[in-house]
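As provided, entry.tsv (TSV, C-alpha atoms) reads as follows.
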```tsv
chain	number	residue	atom	x	y	z
D	1099	MET	CA	0.00	0.00	0.00
D	1100	ASN	CA	2.96	2.30	0.48
D	1101	ARG	CA	4.28	1.69	-3.02
D	1102	PRO	CA	2.24	4.48	-4.71
D	1103	ALA	CA	3.37	6.94	-2.05
D	1104	HIS	CA	6.99	5.96	-2.62
D	1105	ARG	CA	6.56	6.43	-6.36
D	1106	ILE	CA	5.06	9.89	-5.86
D	1107	ALA	CA	7.86	10.92	-3.47
D	1108	TYR	CA	10.49	9.64	-5.92
D	1109	SER	CA	8.87	11.57	-8.77
D	1110	VAL	CA	8.77	14.75	-6.71
D	1111	LEU	CA	12.43	14.40	-5.74
D	1112	THR	CA	13.38	13.79	-9.37
D	1113	VAL	CA	11.56	16.92	-10.52
D	1114	LEU	CA	13.16	18.98	-7.76
D	1115	ALA	CA	16.61	17.70	-8.70
D	1116	LEU	CA	16.04	18.64	-12.34
D	1117	LEU	CA	14.82	22.10	-11.35
D	1118	ALA	CA	17.85	22.62	-9.10
D	1119	GLY	CA	20.13	21.79	-11.99
D	1120	CYS	CA	18.51	24.50	-14.08
D	1121	VAL	CA	18.84	27.25	-11.47
D	1122	THR	CA	21.40	29.93	-12.33
D	1123	VAL	CA	23.29	31.19	-9.31
D	1124	ASN	CA	23.93	34.93	-9.34
D	1125	VAL	CA	27.38	35.50	-7.87
D	1126	TYR	CA	27.87	38.87	-6.19
D	1127	PHE	CA	30.63	41.10	-7.55
D	1128	PRO	CA	31.63	44.21	-5.52
D	1129	ALA	CA	32.05	46.44	-8.57
D	1130	ALA	CA	32.27	49.73	-6.66
D	1131	GLN	CA	34.94	48.43	-4.30
D	1132	VAL	CA	37.01	46.95	-7.12
D	1133	GLU	CA	36.72	50.18	-9.10
D	1134	LYS	CA	37.85	52.25	-6.12
D	1135	THR	CA	40.79	49.92	-5.57
D	1136	ALA	CA	41.78	50.02	-9.25
D	1137	GLU	CA	41.48	53.81	-9.38
D	1138	LYS	CA	43.69	54.24	-6.33
D	1139	ILE	CA	46.39	51.84	-7.57
D	1140	VAL	CA	46.47	53.25	-11.11
D	1141	ASP	CA	46.65	56.82	-9.80
D	1142	GLU	CA	49.60	55.92	-7.59
D	1143	VAL	CA	51.43	54.11	-10.40
D	1144	TYR	CA	50.93	56.99	-12.84
D	1145	ARG	CA	51.45	59.79	-10.32
D	1146	ASP	CA	55.25	59.98	-10.43
D	1147	THR	CA	55.32	60.34	-14.21
D	1148	LYS	CA	52.76	63.12	-14.55
D	1149	GLU	CA	53.91	66.71	-14.97
D	1150	PRO	CA	53.54	68.76	-11.78
D	1151	PRO	CA	50.79	71.37	-11.92
D	1152	LYS	CA	52.01	74.79	-13.01
D	1153	ASN	CA	51.39	77.93	-10.98
D	1154	GLU	CA	49.63	75.96	-8.29
D	1155	PRO	CA	48.25	78.47	-5.79
D	1156	THR	CA	49.56	78.21	-2.27
D	1157	GLU	CA	47.07	77.08	0.31
D	1158	LYS	CA	45.48	80.02	2.05
D	1159	PRO	CA	45.07	80.04	5.82
D	1160	GLN	CA	41.76	78.59	6.79
D	1161	SER	CA	39.56	80.59	9.05
D	1162	TRP	CA	37.81	78.73	11.82
D	1163	ILE	CA	34.55	80.32	10.73
D	1164	ASP	CA	34.65	79.18	7.09
D	1165	GLY	CA	31.92	77.06	5.56
D	1166	ASP	CA	33.70	73.73	5.90
D	1167	THR	CA	34.33	74.26	9.59
D	1168	ILE	CA	30.72	75.23	10.24
D	1169	ARG	CA	29.46	72.18	8.34
D	1170	GLY	CA	31.86	69.96	10.25
D	1171	ILE	CA	30.67	71.28	13.61
D	1172	ALA	CA	27.06	70.81	12.56
D	1173	ARG	CA	27.75	67.23	11.48
D	1174	LEU	CA	29.46	66.39	14.77
D	1175	ALA	CA	26.56	67.88	16.68
D	1176	ARG	CA	24.04	65.75	14.80
D	1177	PHE	CA	25.80	62.45	14.27
D	1178	GLY	CA	28.92	62.43	16.40
D	1179	PRO	CA	32.46	61.80	15.08
D	1180	ALA	CA	32.63	59.84	11.84
D	1181	PRO	CA	34.55	56.52	11.94
D	1182	ALA	CA	38.16	57.03	10.84
D	1183	TYR	CA	38.08	53.93	8.65
D	1184	ALA	CA	34.92	54.82	6.70
D	1185	GLU	CA	36.71	56.21	3.64
D	1186	GLU	CA	39.38	53.48	3.57
D	1187	ALA	CA	36.75	50.75	3.62
D	1188	THR	CA	35.85	51.49	0.00
D	1189	SER	CA	39.12	50.02	-1.29
D	1190	VAL	CA	41.16	46.94	-0.50
D	1191	SER	CA	44.88	46.54	0.16
D	1192	ASN	CA	47.36	44.18	1.79
D	1193	ALA	CA	51.10	43.52	1.75
D	1194	ALA	CA	50.96	41.47	-1.46
D	1195	ILE	CA	48.90	44.09	-3.32
D	1196	ARG	CA	51.15	46.92	-2.15
D	1197	GLY	CA	54.26	45.01	-3.17
D	1198	LEU	CA	52.91	44.33	-6.66
D	1199	LYS	CA	51.84	47.95	-7.02
D	1200	GLU	CA	55.39	49.06	-6.14
D	1201	GLN	CA	56.85	46.68	-8.72
D	1202	ILE	CA	54.53	47.97	-11.43
D	1203	GLY	CA	55.24	51.57	-10.43
D	1204	GLN	CA	59.01	51.16	-10.62
D	1205	ARG	CA	58.79	49.39	-13.95
D	1206	HIS	CA	56.38	52.03	-15.25
D	1207	ARG	CA	59.11	54.66	-15.04
D	1208	GLU	CA	61.34	52.49	-17.24
D	1209	LEU	CA	58.51	51.92	-19.71
D	1210	LEU	CA	57.49	55.57	-19.93
D	1211	PRO	CA	59.66	56.45	-22.98
D	1212	PHE	CA	58.19	53.48	-24.84
D	1213	TYR	CA	54.65	54.60	-23.96
D	1214	GLN	CA	55.40	58.08	-25.25
D	1215	GLN	CA	56.80	56.74	-28.53
D	1216	GLY	CA	53.88	54.37	-29.04
D	1217	GLN	CA	56.07	51.29	-28.86
D	1218	VAL	CA	54.12	49.91	-25.90
D	1219	GLY	CA	50.33	49.95	-25.65
D	1220	ILE	CA	47.69	49.10	-23.05
D	1221	THR	CA	45.38	46.28	-24.08
D	1222	ARG	CA	41.67	46.02	-23.42
D	1223	ASP	CA	42.48	43.19	-20.95
D	1224	GLY	CA	44.62	45.35	-18.67
D	1225	PHE	CA	48.01	44.15	-19.92
D	1226	LEU	CA	50.80	45.66	-22.02
D	1227	GLU	CA	51.72	44.83	-25.59
D	1228	VAL	CA	54.78	45.69	-27.65
D	1229	ARG	CA	53.39	47.69	-30.57
D	1230	GLY	CA	56.60	48.35	-32.47
D	1231	THR	CA	60.36	48.31	-32.19
D	1232	SER	CA	61.33	50.76	-34.94
D	1233	GLY	CA	64.48	52.70	-34.04
D	1234	LEU	CA	65.50	50.27	-31.31
D	1235	GLY	CA	68.64	48.15	-31.36
D	1236	LEU	CA	68.52	44.44	-30.59
D	1237	PRO	CA	69.59	44.90	-26.94
D	1238	GLN	CA	66.85	47.53	-26.46
D	1239	VAL	CA	64.24	45.26	-28.05
D	1240	ALA	CA	65.22	42.39	-25.77
D	1241	SER	CA	65.14	44.69	-22.74
D	1242	LEU	CA	61.73	46.07	-23.72
D	1243	LYS	CA	60.24	42.60	-24.11
D	1244	ARG	CA	61.60	41.56	-20.72
D	1245	LEU	CA	60.07	44.65	-19.13
D	1246	VAL	CA	56.67	44.00	-20.73
D	1247	ASP	CA	56.69	40.31	-19.78
D	1248	ALA	CA	57.63	41.12	-16.18
D	1249	ASP	CA	55.00	43.85	-15.96
D	1250	ASN	CA	52.27	41.60	-17.35
D	1251	SER	CA	53.20	38.92	-14.84
D	1252	ALA	CA	52.93	41.42	-11.98
D	1253	ARG	CA	49.60	42.72	-13.30
D	1254	ARG	CA	48.21	39.20	-13.53
D	1255	GLN	CA	49.22	38.55	-9.93
D	1256	LEU	CA	47.76	41.90	-8.86
D	1257	TYR	CA	44.33	41.08	-10.29
D	1258	GLU	CA	44.40	37.68	-8.61
D	1259	GLU	CA	45.44	39.17	-5.26
D	1260	VAL	CA	42.68	41.78	-5.37
D	1261	ALA	CA	40.13	39.06	-6.13
D	1262	LYS	CA	41.53	36.93	-3.30
D	1263	ALA	CA	41.44	39.82	-0.83
D	1264	LEU	CA	37.75	40.30	-1.63
D	1265	ASN	CA	37.04	36.57	-1.33
D	1266	LEU	CA	35.94	36.36	-4.95
D	1267	ARG	CA	35.71	33.19	-6.99
D	1268	PRO	CA	38.55	32.31	-9.43
D	1269	GLU	CA	36.25	32.93	-12.39
D	1270	GLN	CA	35.67	36.51	-11.16
D	1271	VAL	CA	39.30	37.49	-11.69
D	1272	SER	CA	38.39	38.37	-15.28
D	1273	GLN	CA	35.90	40.95	-13.96
D	1274	VAL	CA	38.59	42.47	-11.75
D	1275	ARG	CA	40.89	42.61	-14.77
D	1276	THR	CA	38.22	44.39	-16.83
D	1277	VAL	CA	37.78	47.07	-14.18
D	1278	PHE	CA	41.54	47.64	-13.97
D	1279	ALA	CA	41.84	47.71	-17.77
D	1280	LYS	CA	39.40	50.61	-17.95
D	1281	GLN	CA	41.35	52.58	-15.35
D	1282	TRP	CA	44.72	51.95	-17.02
D	1283	ARG	CA	43.36	53.23	-20.33
D	1284	ASP	CA	41.21	56.08	-19.03
D	1285	LYS	CA	44.08	57.55	-17.01
D	1286	ALA	CA	46.73	57.07	-19.71
D	1287	GLN	CA	48.50	60.18	-20.90
D	1288	ALA	CA	47.78	61.81	-24.24
D	1289	GLY	CA	49.61	60.08	-27.07
D	1290	TRP	CA	49.81	56.64	-25.46
D	1291	ALA	CA	48.60	53.65	-27.48
D	1292	VAL	CA	45.45	52.07	-26.07
D	1293	GLN	CA	43.20	49.27	-27.27
D	1294	SER	CA	39.45	49.85	-27.30
D	1295	ASP	CA	36.89	47.29	-26.19
D	1296	ASP	CA	36.36	46.29	-29.83
D	1297	SER	CA	40.10	45.47	-30.14
D	1298	GLN	CA	40.93	48.55	-32.23
D	1299	TRP	CA	44.16	50.38	-31.44
D	1300	GLY	CA	44.45	54.14	-31.23
D	1301	ARG	CA	46.17	57.00	-29.39
D	1302	LYS	CA	44.78	58.85	-26.41
```

Starting from the file, lay out its structure as structure tokens.
Amino acid sequence: MNRPAHRIAYSVLTVLALLAGCVTVNVYFPAAQVEKTAEKIVDEVYRDTKEPPKNEPTEKPQSWIDGDTIRGIARLARFGPAPAYAEEATSVSNAAIRGLKEQIGQRHRELLPFYQQGQVGITRDGFLEVRGTSGLGLPQVASLKRLVDADNSARRQLYEEVAKALNLRPEQVSQVRTVFAKQWRDKAQAGWAVQSDDSQWGRK
């Protein structure tokens, strides 16, 4: 007498198993946090090679009754002191990430002349590519290729470390790389070779 019940239960379980196999799991990706991290790292790598601002005005003494001070006092009165870590929490960093950023920054200074001459370009995947070697001797070509290979290796590790620090899945590293690629290209200096999302090369 229990056989029909068993058959029904088995059928229900089979249907549920099939439905579970068809469910698509939406994996969370902290886009804003990754973008903030990428923006900060790219800014720091590029910072040393940018021309200093000309005729930068000196900072004027701030009066205690200026608008910012008044707004700050009002905010403290309403909400109390803001947590010191609130701004830092939007980006991620650790010893490995900082070390890789330093490597890329030091190498960037060596690559700068090749950027400016269009011999090295930034790909849509967030890596570097040798675009030409015209005017370079064989030792310079070999040195340039070593620099690019080393830089790409450090970039690959950087993207993986950022993903790891955010507890992302291995398959999400490509999303981290895409975010970084946009920052590398958007913040490139005028005249540098960059690859668009449709794989076309051009100059900033």

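The spacing separating CA of Leu1264 (chain D) from CA of Asp1141 (chain D) amounts to 20.5 Å.
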
Using all atoms listed in the file: which of D:Glu1269, D:Glu1208, D:Glu1200, D:Asp1223 has the shortest distance to Arg1283 (chain D) = D:Asp1223

key: Polymer residues at most 12 Å from Ser1294 (chain D), all atoms listed in the file, same-chain spacing of 3 or more positions, as a ChimeraX atom specification   = /D:1219-1224,1276,1279-1280,1282-1284,1291,1297-1302

key: Counting all atoms listed in the file, the option among D:Gln1273, D:Asn1250, D:Asn1192, D:Gln1287 closest to Leu1226 (chain D)   = D:Asn1250

ask   = So how many Å separate CA of Gln1217 (chain D) and CA of Leu1242 (chain D), to one decimal?
value = 9.3 Å
